[in-house]
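K.L.:
Pasting a structure here, questions to come.
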Amino acid sequence: MTTPKIQPDFLIRLGNLDRRWLYLLLLVSLSLTLLYSPLFPDTPSAFTRPIFQRIEELSPGQSILVSLDYSPASAPEIEPMAFAVTRHLLVRGIRPVYVTLWPEGNNMLQEIRSQVIEVDFPALEEGRDWAALGFKSGGPLLINALRQDLSAMYTGDLRGVPLDSLTALGGAKKLADFPLIIAFSGGTPGLKEWILYGGDPTGTPVAGGCTGIGTPEFLAYFPVQLMGLLGGLKGASEYESALAARYPQRDFPRRAGRRMGPQTVAHVIVLLFLVLGNLSYLRRRSTTSGPSTPASGGTR
Amino acid sequence: MKRLVPRVITSAVGILLILTAFIARPDEAGEGPWLVRAFAYIDRNFSVWFSILAVFAFILGGASLLKSHLSKIMQRRPDWPYSVVTLVSFLAVLVIGLFKLGGPPGLQGEVTDASAWFMVVFEALYEPLMSTLYAMLAFFVASAAYRAFRLRSLEATVLLFAAFVVMLGRTPLGTWLSDFLPKSLNFLRIDTMSMWIMRVPNVAGHRAVFIGIAVGVAALTLRVLLGRSSAEGDQA
C-alpha cells in the first residue's frame, strides 16, 4: 500500500523558491528598465529645496566649497547630484572650489571636469571660474586646519598654480570665508565631518548629498546643522527636476531622473517579494502548531 | 617606561587639543591675548602635523598589505593565488601612479590627468569593479528581504510597515499611488508618511543613539587622558 504524496500548498512552496529565480527576475526587469530609461516627474522635497534656494540666493561671482568625498562604488548614486549641483552653480556664475577627503576624489573630480564643465560650460576657465584643490589626507583634522587657514594644507591647485593666483577662490583664506559648504559623501570621512568640524565651529552653512542608505543618519542634523540634504538617487532626481524647471532653456541631462525607473522597479520587486515571503511564512505558521522555523524560505 | 611615555604624550596632546576648543575660537586666530594666540597656533599646527602623519598611514598600509600577502604566498596558505593577484595589482598600480606613466611628468604632474595610465586603470578596471560590487547589493537585499524579513513579532511588523512605506515613498510610484487622495487626507499619502517616518521616529532614534555614543566616547576619552585606559583599550 502506498502512502499518498502530500502536496504542500502553493504559498508554502513559494517560500522555498530558489533565490536564483529572484535574481533572474530582478536582472531582467532592471535591464529592460535601463534600456527603456523612462523619465518620471519629480518634485523637490523639504530636504532638497533649501539647497536649491540657497544657491539661487548667492550672488554670481561668489565662491563656495564643494567636497567630493565618494568613490566609484557610490558614484552611481552620488555623481548625478554632484553633476546637477555643479551645473546649477556654474549656470548662476557661482565659482565652485573642489576639495576631497578621499584619495579617489581626484578621479571623481576628473569626471565632473570631463562630463560637466567641458561639455556644458566649455568657455569657463579653471582657476578663474572654478578651482580644483583636490585631495589631502587627514579627514577631520584637514577640515580643522582649513578652518583656520586654507594655505596651511594647500599651496596650490592640482595643476600647481599657487592659491594667490586662483581668482576662483574669491579671496577666501579660511572656511568661514565661504558662504556655503556642500559635501557629497559616500561614507567616512565625509558630510558628518564637514558638519562637526567645518560648519559647527565656523557657523558656515553646510549642505550635502549622500547615498540613500545614509540618508536617515544625516537627517538627525537637519535643518540646523545641515541646511539641506540630497538623499540618494531620489534626492538627485529632485534636484535635477528643480534645475530643469528653473532653467528649461539649458536642457541639462537628467541622469538621476532616468535612473529612477530602474530604482522604482527594484523597490517594487523587493516589496513584492517581501509580501510573498511573509504570506508564505504566515501560511506555514498556520499549518504547524509550534513556533515557525527560521528557514521559512529554505536554504537554497 | 615603554607604556608610560606614549600615555603621557597622548594625555598631554589630548588635554591641549580639548583646551583649544574652548580657548581658540576661529575668529580670534592671529589676534587677541597671547594665550589665545598660543592655543590657536597649537590647534592649527597639530591639525597640519596630523595630516602629515596620516600620509605615513598609506605607506604603513602598503607595507602591511605586502607583508601579510607575501607570507600567505610563501606558506601556500588556502586561497594563496588570490594573494598573488592582489600583490600584482597593487604593485602595478603603485608603479603606474608613482612614476606617472603616460601623464605629465615631474612632481607637479597630475596623476589624474586624462592621458595618465593611472586614469586608464581607474576608469577601465577600478570603476567598473567597484560599481559592480555595489550593484550586487540590490540582489542580496532582494533575497534577504524575501527570506529573512518576517512578521515574527509586533516590533518586526512595525519595522516591516515602516520599510514598506519608506521604500515606496522614495519612488515616483509612491506619489502616483496616493494621488487620488483628497487634500484633507494628505497625511495618508505614501510620500507624506514616508517623510514623516524619516523626519520624526528616525531622527528621534538617531539622535538618541548619537548622543549616547558621544557620552560614551567622552567617558572613554577621559579615561584615556587620565591614564585609566590606553588608547588600545586595555584597562589600567
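Identifiers in the C-alpha cells: chain A, B, ... in order shown; residue index from 1 per chain; ligand index from 1 in order shown.
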If you run DSSP over the backbone, which residues in stretch 99-256 of chain A end up strand (DSSP E)? Put them as a PyMOL selection string.

P.N.:
chain A and resi 99-100+131-135+181-185+206-210+228-231

K.L.:
Now that the selection is made, can you save its residues with C-alpha atoms as a PDB file, in the first residue's frame?

P.N.:
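The result, written out as part_26.pdb:
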```
ATOM      1  CA  VAL A  99      38.392  69.596  -2.405  1.00  0.00           C
ATOM      2  CA  THR A 100      38.164  65.955  -1.343  1.00  0.00           C
ATOM      3  CA  ALA A 131      39.128  75.600  -8.886  1.00  0.00           C
ATOM      4  CA  ALA A 132      40.304  72.089  -8.097  1.00  0.00           C
ATOM      5  CA  LEU A 133      42.364  71.878  -4.903  1.00  0.00           C
ATOM      6  CA  GLY A 134      41.976  68.099  -4.729  1.00  0.00           C
ATOM      7  CA  PHE A 135      42.845  65.506  -2.103  1.00  0.00           C
ATOM      8  CA  ILE A 181      29.968  74.236   2.050  1.00  0.00           C
ATOM      9  CA  ILE A 182      28.495  71.357   0.057  1.00  0.00           C
ATOM     10  CA  ALA A 183      29.805  67.865   0.760  1.00  0.00           C
ATOM     11  CA  PHE A 184      28.908  64.863  -1.374  1.00  0.00           C
ATOM     12  CA  SER A 185      29.545  61.926   0.846  1.00  0.00           C
ATOM     13  CA  VAL A 206      26.659  73.086   5.323  1.00  0.00           C
ATOM     14  CA  ALA A 207      24.575  71.228   2.745  1.00  0.00           C
ATOM     15  CA  GLY A 208      25.220  67.779   1.401  1.00  0.00           C
ATOM     16  CA  GLY A 209      24.390  64.720  -0.561  1.00  0.00           C
ATOM     17  CA  CYS A 210      24.689  61.090   0.473  1.00  0.00           C
ATOM     18  CA  GLY A 228      19.689  70.667   3.136  1.00  0.00           C
ATOM     19  CA  LEU A 229      20.256  67.087   2.086  1.00  0.00           C
ATOM     20  CA  LEU A 230      20.112  65.277  -1.224  1.00  0.00           C
ATOM     21  CA  GLY A 231      19.291  61.735  -0.204  1.00  0.00           C
TER      22      GLY A 231
END
```

K.L.:
List every residue of chain B that has an atom at most 7 Å from any atom of chain A, and for each one report the closest atom pair and its distance in Å to one decimal, counting only C-alpha atoms, with rows sorted by chain and then by increasing residue number, as CSV.

P.N.:
```
residue,atom,partner,partner_atom,distance
B:Pro26,CA,A:Gln148,CA,6.2
B:Arg44,CA,A:Ala145,CA,5.4
B:Ser47,CA,A:Leu141,CA,5.0
B:Val48,CA,A:Ala145,CA,6.2
B:Phe50,CA,A:Gly138,CA,6.4
B:Ser51,CA,A:Gly138,CA,4.2
B:Ala54,CA,A:Gly138,CA,5.6
B:Val55,CA,A:Ser137,CA,6.2
B:Gln108,CA,A:Gly160,CA,5.8
B:Glu110,CA,A:Leu158,CA,6.5
B:Thr112,CA,A:Asn107,CA,6.0
B:Glu127,CA,A:Pro72,CA,5.1
B:Met130,CA,A:Ala73,CA,4.7
B:Ser131,CA,A:Ala73,CA,4.7
B:Tyr134,CA,A:Ala73,CA,5.6
B:Phe139,CA,A:Tyr23,CA,6.0
B:Ala142,CA,A:Val270,CA,5.0
B:Ser143,CA,A:Arg19,CA,6.4
B:Ala145,CA,A:Leu274,CA,5.6
B:Tyr146,CA,A:Leu274,CA,4.9
B:Arg147,CA,A:Gly297,CA,5.1
B:Arg150,CA,A:Asn278,CA,5.8
B:Leu151,CA,A:Asn278,CA,6.7
B:Phe164,CA,A:Leu271,CA,6.7
B:Met167,CA,A:His267,CA,6.3
B:Leu168,CA,A:His267,CA,6.9
B:Arg170,CA,A:Lys234,CA,6.5
B:Thr171,CA,A:Thr264,CA,5.4
B:Pro172,CA,A:Phe40,CA,6.7
B:Leu173,CA,A:Thr264,CA,7.0
B:Met198,CA,A:Pro216,CA,6.3
B:Arg199,CA,A:Leu219,CA,6.9
B:Asn202,CA,A:Pro216,CA,6.5
B:Val203,CA,A:Ala220,CA,4.8
B:His206,CA,A:Ala220,CA,6.2
B:Arg207,CA,A:Ala220,CA,5.9
```

K.L.:
Mind pulling up the distance from atom CA of A:Tyr36 to atom CA of A:Pro262?

P.N.:
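Result for atom CA of A:Pro262 versus atom CA of A:Tyr36: 9.5 Å, one decimal.
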